[in-house]
file entry_14.cif (mmCIF, C-alpha atoms (C1' of nucleotides))
data_work
loop_
_atom_site.label_atom_id
_atom_site.label_comp_id
_atom_site.auth_asym_id
_atom_site.auth_seq_id
_atom_site.Cartn_x
_atom_site.Cartn_y
_atom_site.Cartn_z
CA MET A 1 27.32 32.30 -30.20
CA THR A 2 24.83 32.23 -27.38
CA THR A 3 22.36 35.05 -27.18
CA THR A 4 20.91 34.04 -23.84
CA THR A 5 20.58 36.72 -21.23
CA ARG A 6 21.73 34.95 -18.06
CA GLY A 7 24.87 35.97 -16.25
CA TYR A 8 26.62 39.21 -15.66
CA HIS A 9 27.51 39.59 -19.31
CA HIS A 10 24.69 39.64 -21.78
CA GLY A 11 26.50 38.12 -24.71
CA ASP A 12 25.08 40.19 -27.53
CA LEU A 13 23.74 43.30 -25.91
CA ARG A 14 24.49 45.64 -28.77
CA ARG A 15 22.35 43.65 -31.17
CA ALA A 16 19.65 43.12 -28.55
CA LEU A 17 19.43 46.85 -27.90
CA LEU A 18 19.09 47.67 -31.59
CA ALA A 19 16.36 45.07 -31.94
CA ALA A 20 14.61 46.46 -28.87
CA ALA A 21 14.87 49.93 -30.38
CA VAL A 22 13.17 48.78 -33.57
CA GLU A 23 10.41 47.24 -31.49
CA ALA A 24 9.97 50.31 -29.27
CA ILE A 25 9.96 52.72 -32.21
CA GLY A 26 7.38 50.54 -33.91
CA GLU A 27 5.16 50.95 -30.88
CA SER A 28 5.59 54.63 -30.05
CA GLY A 29 7.73 56.33 -32.66
CA PRO A 30 11.32 57.55 -32.48
CA ALA A 31 10.56 60.61 -30.39
CA ALA A 32 9.33 58.54 -27.45
CA LEU A 33 12.38 56.29 -27.44
CA SER A 34 14.03 55.86 -24.05
CA LEU A 35 17.39 54.24 -23.42
CA ARG A 36 16.20 53.09 -20.01
CA ASP A 37 13.24 51.37 -21.60
CA LEU A 38 15.54 49.57 -24.01
CA ALA A 39 17.71 48.47 -21.10
CA ARG A 40 14.64 47.08 -19.35
CA ARG A 41 13.56 45.24 -22.50
CA ALA A 42 17.02 43.67 -22.76
CA GLY A 43 17.10 42.85 -19.05
CA VAL A 44 20.14 44.95 -18.20
CA SER A 45 20.81 47.97 -16.01
CA HIS A 46 19.87 51.46 -17.07
CA ALA A 47 23.43 52.49 -17.85
CA ALA A 48 24.42 49.48 -19.93
CA PRO A 49 23.46 51.01 -23.30
CA ALA A 50 25.91 53.86 -22.79
CA HIS A 51 28.85 51.51 -23.04
CA HIS A 52 27.91 50.37 -26.55
CA PHE A 53 26.54 53.57 -28.04
CA GLY A 54 27.80 56.43 -25.90
CA ASP A 55 24.48 58.20 -25.83
CA LYS A 56 21.03 58.17 -27.37
CA ALA A 57 22.20 59.81 -30.59
CA GLY A 58 24.85 57.13 -30.85
CA LEU A 59 22.30 54.37 -30.73
CA LEU A 60 20.16 56.06 -33.37
CA THR A 61 23.26 56.60 -35.50
CA ALA A 62 23.92 52.86 -35.43
CA LEU A 63 20.28 52.24 -36.34
CA ALA A 64 20.57 54.64 -39.29
CA VAL A 65 23.67 52.86 -40.58
CA GLU A 66 21.88 49.53 -40.34
CA GLY A 67 18.91 51.06 -42.13
CA PHE A 68 20.86 52.51 -45.05
CA ASP A 69 22.59 49.18 -45.56
CA LEU A 70 19.29 47.32 -45.52
CA LEU A 71 17.93 49.85 -48.00
CA ALA A 72 20.91 49.46 -50.34
CA GLU A 73 20.41 45.72 -50.27
CA ALA A 74 16.68 46.03 -50.97
CA LEU A 75 17.26 48.43 -53.88
CA ARG A 76 19.84 46.17 -55.51
CA ARG A 77 17.49 43.21 -55.64
CA PRO A 78 15.23 44.29 -58.56
CA GLY A 79 18.19 44.79 -60.92
CA ASP A 80 17.86 47.36 -63.69
CA ASP A 81 14.13 48.03 -63.62
CA LEU A 82 13.71 51.57 -62.26
CA LEU A 83 10.01 51.04 -61.64
CA GLU A 84 10.65 48.01 -59.47
CA ILE A 85 13.47 49.79 -57.66
CA GLY A 86 10.97 52.47 -56.76
CA VAL A 87 8.50 49.89 -55.55
CA ALA A 88 11.25 48.30 -53.49
CA TYR A 89 11.92 51.70 -51.90
CA VAL A 90 8.31 51.98 -50.79
CA ARG A 91 8.25 48.37 -49.62
CA PHE A 92 11.37 49.00 -47.57
CA ALA A 93 9.72 51.96 -45.84
CA ALA A 94 6.71 49.81 -45.02
CA ASP A 95 8.69 46.78 -43.89
CA HIS A 96 11.32 48.70 -41.93
CA ARG A 97 9.33 51.61 -40.70
CA ALA A 98 11.45 52.19 -37.61
CA HIS A 99 14.70 52.31 -39.55
CA PHE A 100 13.19 54.52 -42.23
CA GLU A 101 11.78 57.04 -39.78
CA VAL A 102 15.13 57.41 -38.07
CA MET A 103 17.17 57.55 -41.28
CA PHE A 104 15.37 60.62 -42.52
CA ALA A 105 15.17 62.43 -39.19
CA PRO A 106 18.76 63.71 -39.11
CA GLY A 107 18.03 65.79 -36.03
CA LEU A 108 17.82 62.59 -34.03
CA TYR A 109 21.26 61.22 -34.75
CA ARG A 110 24.74 62.22 -35.96
CA ALA A 111 24.02 62.50 -39.67
CA ASP A 112 27.59 63.57 -40.40
CA ASP A 113 29.05 60.40 -38.91
CA PRO A 114 31.41 58.81 -41.48
CA GLU A 115 29.79 55.38 -41.17
CA VAL A 116 26.39 56.93 -41.88
CA ALA A 117 27.74 58.87 -44.84
CA ALA A 118 29.25 55.71 -46.31
CA ALA A 119 26.08 53.65 -45.87
CA ARG A 120 24.00 56.49 -47.27
CA ALA A 121 26.27 56.65 -50.32
CA ARG A 122 25.85 52.91 -50.90
CA ALA A 123 22.07 53.30 -50.87
CA GLY A 124 22.29 56.29 -53.20
CA ALA A 125 24.40 54.33 -55.67
CA ALA A 126 21.88 51.48 -55.64
CA LEU A 127 19.09 53.93 -56.42
CA ARG A 128 21.00 55.62 -59.22
CA GLY A 129 21.77 52.23 -60.69
CA GLY A 130 18.33 51.97 -62.25
CA VAL A 131 18.46 55.42 -63.81
CA ALA A 132 21.49 54.53 -65.89
CA ALA A 133 19.36 51.99 -67.74
CA LEU A 134 16.84 54.58 -68.90
CA PRO A 135 16.32 55.23 -72.64
CA ALA A 136 18.71 57.65 -74.31
CA GLY A 137 17.91 61.35 -74.38
CA SER A 138 17.12 61.45 -70.68
CA THR A 139 18.68 63.66 -68.06
CA PRO A 140 20.14 61.28 -65.46
CA ASP A 141 20.58 63.68 -62.56
CA ARG A 142 17.16 65.15 -62.87
CA ASP A 143 15.53 61.78 -63.51
CA ALA A 144 17.20 60.27 -60.48
CA LEU A 145 16.08 63.17 -58.33
CA ALA A 146 12.52 63.00 -59.68
CA ALA A 147 12.36 59.25 -59.09
CA TRP A 148 13.79 59.54 -55.62
CA SER A 149 11.43 62.39 -54.77
CA ILE A 150 8.31 60.59 -55.92
CA VAL A 151 9.01 57.33 -54.10
CA HIS A 152 10.27 59.06 -50.99
CA GLY A 153 7.28 61.35 -50.92
CA PHE A 154 4.86 58.50 -51.40
CA ALA A 155 6.52 56.44 -48.69
CA THR A 156 6.63 59.35 -46.28
CA LEU A 157 3.03 60.32 -46.83
CA TRP A 158 1.93 56.73 -46.40
CA LEU A 159 3.88 56.38 -43.14
CA ALA A 160 2.39 59.63 -41.90
CA GLY A 161 -1.09 58.28 -42.58
CA ALA A 162 -1.72 61.25 -44.84
CA LEU A 163 -2.90 59.30 -47.88
CA PRO A 164 -6.59 58.85 -48.65
CA PRO A 165 -7.78 55.53 -47.20
CA ASP A 166 -8.17 53.66 -50.49
CA ALA A 167 -4.68 54.65 -51.63
CA GLY A 168 -3.19 53.55 -48.34
CA ARG A 169 -4.77 50.10 -48.30
CA ASP A 170 -2.23 48.46 -50.59
CA PRO A 171 0.69 50.88 -50.69
CA GLU A 172 2.82 48.75 -52.94
CA ALA A 173 0.22 48.51 -55.71
CA THR A 174 -0.67 52.19 -55.44
CA ALA A 175 3.00 53.11 -55.51
CA ARG A 176 3.49 51.12 -58.70
CA THR A 177 0.67 53.04 -60.36
CA VAL A 178 1.97 56.38 -59.18
CA ILE A 179 5.56 55.74 -60.21
CA ARG A 180 4.47 54.63 -63.66
CA ARG A 181 3.27 58.19 -64.11
CA LEU A 182 6.93 59.14 -64.49
CA PHE A 183 7.37 57.00 -67.60
CA GLU A 184 4.37 58.11 -69.66
CA MET B 1 -4.11 94.79 -28.17
CA THR B 2 -0.96 95.04 -26.10
CA THR B 3 1.51 92.20 -26.35
CA THR B 4 3.78 93.45 -23.60
CA THR B 5 4.86 90.92 -21.04
CA ARG B 6 4.67 92.88 -17.79
CA GLY B 7 2.16 92.08 -15.11
CA TYR B 8 0.67 88.89 -13.82
CA HIS B 9 -1.23 88.27 -17.00
CA HIS B 10 0.78 88.01 -20.17
CA GLY B 11 -1.79 89.33 -22.57
CA ASP B 12 -1.22 87.01 -25.51
CA LEU B 13 0.57 84.02 -24.10
CA ARG B 14 -0.94 81.49 -26.44
CA ARG B 15 0.38 83.26 -29.50
CA ALA B 16 3.72 83.95 -27.82
CA LEU B 17 4.18 80.28 -26.99
CA LEU B 18 3.43 79.18 -30.55
CA ALA B 19 5.92 81.72 -31.87
CA ALA B 20 8.51 80.54 -29.34
CA ALA B 21 7.86 76.96 -30.44
CA VAL B 22 8.54 77.86 -34.06
CA GLU B 23 11.76 79.52 -32.99
CA ALA B 24 12.86 76.64 -30.78
CA ILE B 25 12.05 73.99 -33.39
CA GLY B 26 13.99 76.01 -35.92
CA GLU B 27 17.01 75.82 -33.64
CA SER B 28 16.89 72.22 -32.45
CA GLY B 29 14.09 70.34 -34.19
CA PRO B 30 10.73 69.19 -32.89
CA ALA B 31 12.11 66.28 -30.87
CA ALA B 32 14.12 68.54 -28.59
CA LEU B 33 11.16 70.83 -27.89
CA SER B 34 10.57 71.53 -24.21
CA LEU B 35 7.52 73.23 -22.73
CA ARG B 36 9.64 74.61 -19.94
CA ASP B 37 11.98 76.20 -22.44
CA LEU B 38 9.05 77.83 -24.21
CA ALA B 39 7.83 79.14 -20.89
CA ARG B 40 11.24 80.65 -20.20
CA ARG B 41 11.33 82.25 -23.66
CA ALA B 42 7.93 83.82 -23.01
CA GLY B 43 8.93 84.91 -19.51
CA VAL B 44 6.29 82.91 -17.66
CA SER B 45 6.34 80.07 -15.17
CA HIS B 46 6.98 76.49 -16.21
CA ALA B 47 3.35 75.46 -15.80
CA ALA B 48 1.76 78.30 -17.72
CA PRO B 49 1.70 76.50 -21.10
CA ALA B 50 -0.45 73.73 -19.69
CA HIS B 51 -3.38 76.07 -19.26
CA HIS B 52 -3.50 76.95 -22.95
CA PHE B 53 -2.59 73.63 -24.54
CA GLY B 54 -3.13 70.95 -21.93
CA ASP B 55 0.07 69.15 -22.69
CA LYS B 56 2.93 69.05 -25.16
CA ALA B 57 0.90 67.17 -27.76
CA GLY B 58 -1.76 69.86 -27.44
CA LEU B 59 0.71 72.59 -28.29
CA LEU B 60 1.99 70.69 -31.29
CA THR B 61 -1.58 70.03 -32.39
CA ALA B 62 -2.22 73.76 -32.41
CA LEU B 63 0.97 74.26 -34.38
CA ALA B 64 -0.12 71.66 -36.94
CA VAL B 65 -3.48 73.37 -37.41
CA GLU B 66 -1.75 76.68 -37.95
CA GLY B 67 0.61 74.98 -40.40
CA PHE B 68 -2.09 73.34 -42.51
CA ASP B 69 -3.93 76.65 -42.75
CA LEU B 70 -0.77 78.47 -43.80
CA LEU B 71 -0.16 75.74 -46.38
CA ALA B 72 -3.68 75.98 -47.78
CA GLU B 73 -3.21 79.70 -48.14
CA ALA B 74 0.15 79.29 -49.88
CA LEU B 75 -1.23 76.69 -52.29
CA ARG B 76 -4.19 78.82 -53.27
CA ARG B 77 -2.02 81.76 -54.30
CA PRO B 78 -0.68 80.42 -57.66
CA GLY B 79 -4.17 79.77 -59.03
CA ASP B 80 -4.64 76.99 -61.60
CA ASP B 81 -1.03 76.28 -62.52
CA LEU B 82 -0.19 72.87 -61.07
CA LEU B 83 3.53 73.39 -61.58
CA GLU B 84 3.50 76.60 -59.57
CA ILE B 85 1.34 74.99 -56.89
CA GLY B 86 4.03 72.37 -56.52
CA VAL B 87 6.72 75.00 -56.29
CA ALA B 88 4.64 76.78 -53.66
CA TYR B 89 4.50 73.53 -51.67
CA VAL B 90 8.29 73.30 -51.64
CA ARG B 91 8.62 76.98 -50.82
CA PHE B 92 6.23 76.53 -47.91
CA ALA B 93 8.35 73.70 -46.51
CA ALA B 94 11.44 75.89 -46.76
CA ASP B 95 9.84 79.02 -45.34
CA HIS B 96 7.90 77.27 -42.57
CA ARG B 97 10.20 74.44 -41.74
CA ALA B 98 9.06 74.13 -38.13
CA HIS B 99 5.40 73.89 -39.05
CA PHE B 100 6.10 71.48 -41.87
CA GLU B 101 8.17 69.13 -39.74
CA VAL B 102 5.46 68.93 -37.12
CA MET B 103 2.59 68.58 -39.58
CA PHE B 104 3.99 65.39 -41.05
CA ALA B 105 5.16 63.84 -37.79
CA PRO B 106 1.76 62.62 -36.58
CA GLY B 107 3.37 60.76 -33.71
CA LEU B 108 4.12 64.11 -32.09
CA TYR B 109 0.59 65.46 -31.91
CA ARG B 110 -3.07 64.41 -31.98
CA ALA B 111 -3.44 63.85 -35.70
CA ASP B 112 -7.07 62.77 -35.29
CA ASP B 113 -8.07 66.05 -33.69
CA PRO B 114 -11.08 67.46 -35.58
CA GLU B 115 -9.49 70.88 -36.02
CA VAL B 116 -6.42 69.25 -37.57
CA ALA B 117 -8.54 67.10 -39.85
CA ALA B 118 -10.44 70.15 -41.06
CA ALA B 119 -7.31 72.19 -41.71
CA ARG B 120 -5.68 69.24 -43.43
CA ALA B 121 -8.73 68.87 -45.67
CA ARG B 122 -8.54 72.55 -46.63
CA ALA B 123 -4.91 72.12 -47.66
CA GLY B 124 -5.76 68.96 -49.59
CA ALA B 125 -8.49 70.75 -51.49
CA ALA B 126 -6.12 73.56 -52.41
CA LEU B 127 -3.63 71.03 -53.75
CA ARG B 128 -6.25 69.15 -55.75
CA GLY B 129 -7.43 72.43 -57.21
CA GLY B 130 -4.58 72.52 -59.71
CA VAL B 131 -5.12 68.96 -60.88
CA ALA B 132 -8.63 69.74 -62.06
CA ALA B 133 -7.16 72.10 -64.65
CA LEU B 134 -5.05 69.40 -66.27
CA PRO B 135 -5.61 68.50 -69.95
CA ALA B 136 -8.34 65.96 -70.68
CA GLY B 137 -7.51 62.26 -70.73
CA SER B 138 -5.72 62.40 -67.41
CA THR B 139 -6.46 60.43 -64.28
CA PRO B 140 -7.13 63.01 -61.59
CA ASP B 141 -6.71 60.85 -58.49
CA ARG B 142 -3.48 59.31 -59.63
CA ASP B 143 -2.14 62.61 -60.97
CA ALA B 144 -2.90 64.38 -57.72
CA LEU B 145 -1.18 61.64 -55.76
CA ALA B 146 1.85 61.66 -58.07
CA ALA B 147 2.12 65.43 -57.85
CA TRP B 148 1.73 65.44 -54.10
CA SER B 149 4.28 62.65 -53.73
CA ILE B 150 6.93 64.32 -55.85
CA VAL B 151 6.72 67.71 -54.19
CA HIS B 152 6.43 66.25 -50.71
CA GLY B 153 9.34 63.92 -51.33
CA PHE B 154 11.49 66.70 -52.70
CA ALA B 155 10.65 68.99 -49.80
CA THR B 156 11.26 66.28 -47.22
CA LEU B 157 14.58 65.23 -48.72
CA TRP B 158 15.70 68.82 -48.88
CA LEU B 159 14.76 69.46 -45.24
CA ALA B 160 16.59 66.29 -44.24
CA GLY B 161 19.71 67.55 -45.97
CA ALA B 162 19.70 64.41 -48.09
CA LEU B 163 19.95 66.11 -51.47
CA PRO B 164 23.27 66.47 -53.28
CA PRO B 165 24.80 69.88 -52.49
CA ASP B 166 24.20 71.47 -55.90
CA ALA B 167 20.54 70.44 -55.91
CA GLY B 168 20.04 71.81 -52.42
CA ARG B 169 21.49 75.22 -53.10
CA ASP B 170 18.39 76.72 -54.70
CA PRO B 171 15.60 74.31 -53.78
CA GLU B 172 12.88 76.30 -55.50
CA ALA B 173 14.59 76.28 -58.90
CA THR B 174 15.57 72.63 -58.61
CA ALA B 175 12.04 71.74 -57.57
CA ARG B 176 10.63 73.49 -60.61
CA THR B 177 12.89 71.42 -62.87
CA VAL B 178 12.01 68.18 -61.11
CA ILE B 179 8.29 68.79 -61.11
CA ARG B 180 8.32 69.62 -64.81
CA ARG B 181 9.41 66.03 -65.32
CA LEU B 182 5.80 65.07 -64.54
CA PHE B 183 4.46 66.95 -67.55
CA GLU B 184 6.75 65.70 -70.29
"C1'" DA C 1 -19.41 100.37 -5.59
"C1'" DG C 2 -19.45 95.61 -4.36
"C1'" DT C 3 -18.86 90.85 -5.01
"C1'" DC C 4 -18.56 86.87 -7.28
"C1'" DA C 5 -17.46 83.51 -11.00
"C1'" DC C 6 -13.98 82.63 -14.03
"C1'" DA C 7 -9.71 82.78 -16.73
"C1'" DT C 8 -4.99 83.13 -16.20
"C1'" DC C 9 -0.66 82.36 -14.13
"C1'" DT C 10 2.57 80.58 -10.01
"C1'" DT C 11 4.58 77.41 -6.74
"C1'" DG C 12 5.51 72.91 -5.33
"C1'" DT C 13 5.91 68.07 -6.14
"C1'" DC C 14 6.32 63.40 -8.41
"C1'" DG C 15 8.26 59.95 -11.40
"C1'" DC C 16 10.81 59.55 -15.48
"C1'" DT C 17 14.72 60.54 -18.41
"C1'" DG C 18 19.77 61.19 -20.22
"C1'" DC C 19 24.17 61.47 -18.74
"C1'" DC C 20 28.25 61.08 -15.70
"C1'" DA C 21 31.33 58.85 -12.19
"C1'" DA C 22 32.84 55.03 -9.60
"C1'" DG C 23 32.76 50.29 -8.64
"C1'" DA C 24 31.90 45.21 -9.65
"C1'" DT C 25 32.47 41.19 -12.63
"C1'" DA C 26 33.77 38.45 -16.53
"C1'" DT C 27 37.13 37.44 -20.46
"C1'" DG C 28 41.23 36.77 -22.71
"C1'" DC C 29 46.16 37.26 -23.19
"C1'" DT C 30 50.79 36.32 -21.50
"C1'" DA D 1 48.45 32.50 -12.10
"C1'" DG D 2 47.91 37.21 -12.83
"C1'" DC D 3 46.88 41.23 -15.11
"C1'" DA D 4 44.70 44.43 -18.60
"C1'" DT D 5 40.54 45.28 -20.61
"C1'" DA D 6 35.77 44.94 -22.02
"C1'" DT D 7 31.40 44.67 -20.15
"C1'" DC D 8 27.87 45.63 -16.92
"C1'" DT D 9 25.92 47.72 -12.17
"C1'" DT D 10 25.01 51.10 -8.63
"C1'" DG D 11 24.35 55.71 -7.32
"C1'" DG D 12 23.56 60.39 -8.19
"C1'" DC D 13 22.36 64.86 -10.61
"C1'" DA D 14 19.74 68.12 -13.32
"C1'" DG D 15 16.04 68.70 -16.62
"C1'" DC D 16 11.62 67.33 -18.22
"C1'" DG D 17 6.19 66.56 -18.48
"C1'" DA D 18 2.32 66.27 -15.82
"C1'" DC D 19 -0.56 67.09 -11.85
"C1'" DA D 20 -2.49 69.64 -7.73
"C1'" DA D 21 -3.32 73.58 -5.10
"C1'" DG D 22 -3.05 78.32 -4.52
"C1'" DA D 23 -2.52 83.36 -6.02
"C1'" DT D 24 -3.93 87.11 -8.98
"C1'" DG D 25 -6.25 89.59 -12.37
"C1'" DT D 26 -10.79 90.40 -15.36
"C1'" DG D 27 -15.24 91.16 -16.29
"C1'" DA D 28 -20.06 90.70 -15.56
"C1'" DC D 29 -23.99 91.20 -12.86
"C1'" DT D 30 -26.34 93.64 -9.22
#

call {"tool": "encode", "arguments": {"input": "entry_14.cif", "output": "structure tokens"}}
result
Amino acid sequence: MTTTTRGYHHGDLRRALLAAAVEAIGESGPAALSLRDLARRAGVSHAAPAHHFGDKAGLLTALAVEGFDLLAEALRRPGDDLLEIGVAYVRFAADHRAHFEVMFAPGLYRADDPEVAAARARAGAALRGGVAALPAGSTPDRDALAAWSIVHGFATLWLAGALPPDAGRDPEATARTVIRRLFE
Amino acid sequence: MTTTTRGYHHGDLRRALLAAAVEAIGESGPAALSLRDLARRAGVSHAAPAHHFGDKAGLLTALAVEGFDLLAEALRRPGDDLLEIGVAYVRFAADHRAHFEVMFAPGLYRADDPEVAAARARAGAALRGGVAALPAGSTPDRDALAAWSIVHGFATLWLAGALPPDAGRDPEATARTVIRRLFE
DNA sequence: AGTCACATCTTGTCGCTGCCAAGATATGCT
DNA sequence: AGCATATCTTGGCAGCGACAAGATGTGACT
């Protein structure tokens, strides 16, 4: 599979546009995203993206699907340890900022799209996986929601630059400390 | 003070534009906000907003300042009870969705503006106020961060429509249950 | 009362954007 | 070889943010 750009046909434009979107969002945030800019980055005409994604919301929908699948994969890696699953959640937000910002901005894409719903459900199952391994006498639904809230809140605040400077220096270590608060 | 719209001069255009912004964001989210639409809602020409706010980021900066001040006020109301302060945080997000969404989307406004920084600090102080009243032997910085994370995460997930339907029905009650998890 | 500086709002314009329609080119199937 | 289809281009339209220049009120000073 050649990914070179020469010729009338790009070869892998869909993937190239998604990659360009990640790059552009990393530079200027999701709100400033422009389909025409992505087309320029990929070296194609301004209307080429429409063929693959329909419109801007379509492109962001595809990016959200990709993001939820990456998240599910990242959350499955630590196994049963709920603390480490939480840390993985924060690390995912830091490592895939562009995806994360889009995923939780449902006004930007078609959040009710079936592919999104399926990918979101896979990520949710991966997160709930660690809660099942908690000691007896716990309340799974509430514990899952509390765990999700605390890691999501931490990640969001860190991305927003709202954390005090010393807490934001090493988000992963700080997150580990904060999450541990749930188990004491 | 007359707030009528007749005449060449509006009378209270700045306030009217901020109110229109809250309304518009409530309908379509912050990303879809248009200065020209706000001008139409206020019954003025398309360039009138520029005089009061400079540009779009300026308007959203003013909205963020207003939001952080409203939040500080809301957090001060419950007094020393950290649980109720957390509930007030969630209630604020629900009651002032437009403000909240802008406040924590620093890419949309000038987050380093001194007025924003001051208002944000006031809200932070109000939040930390409840942590000081915790039982001895606690770790204030970490506890404040954990509390902030869990309420912010819950509020954000609720606004994003990411919570399971039964948890999202009565966010305030669910939030109270989830936050209590921090104190057990 | 006059007039003058200033704040407020309007009109006009520019480049950029998303989206649509119509046409060009490559690919693969028969 | 020939045709259907997927992929990409060109051209155009309306809406947007930002800027510049002008019109209109407001208030202060004399």

call {"tool": "atom_distance", "arguments": {"input": "entry_14.cif", "atom1": "atom CA of Arg15 of chain B", "atom2": "atom CA of His152 of chain B"}}
result
27.9 Å

call {"tool": "residues_around", "arguments": {"input": "entry_14.cif", "residues": "Gly130 of chain A", "least_positions_apart": "2", "cutoff": "12 Å", "atoms": "all atoms listed in the file", "output": "count of residues only"}}
result
28

call {"tool": "residues_around", "arguments": {"input": "entry_14.cif", "residues": "DG27 of chain D", "least_positions_apart": "5", "cutoff": "12 Å", "atoms": "only C-alpha atoms (C1' of nucleotides)", "output": "VMD selection string"}}
result
chain C and resid 3 to 7

call {"tool": "resolve_selection", "arguments": {"input": "entry_14.cif", "expression": "the PyMOL selection byres ((chain B) within 7 of (chain A))", "output": "list in words"}}
result
Gly29, Ala31, Phe104, Ala105, Pro106, Gly107, Arg142, Ala146, Ser149, Ile150, His152, Gly153, Phe154, Ala160, Val178 and Leu182 of chain B

call {"tool": "resolve_selection", "arguments": {"input": "entry_14.cif", "expression": "the PyMOL selection byres ((chain D) within 12 of (chain A))", "output": "list in words"}}
result
DA6, DT7, DC8, DT9, DT10 and DG11 of chain D
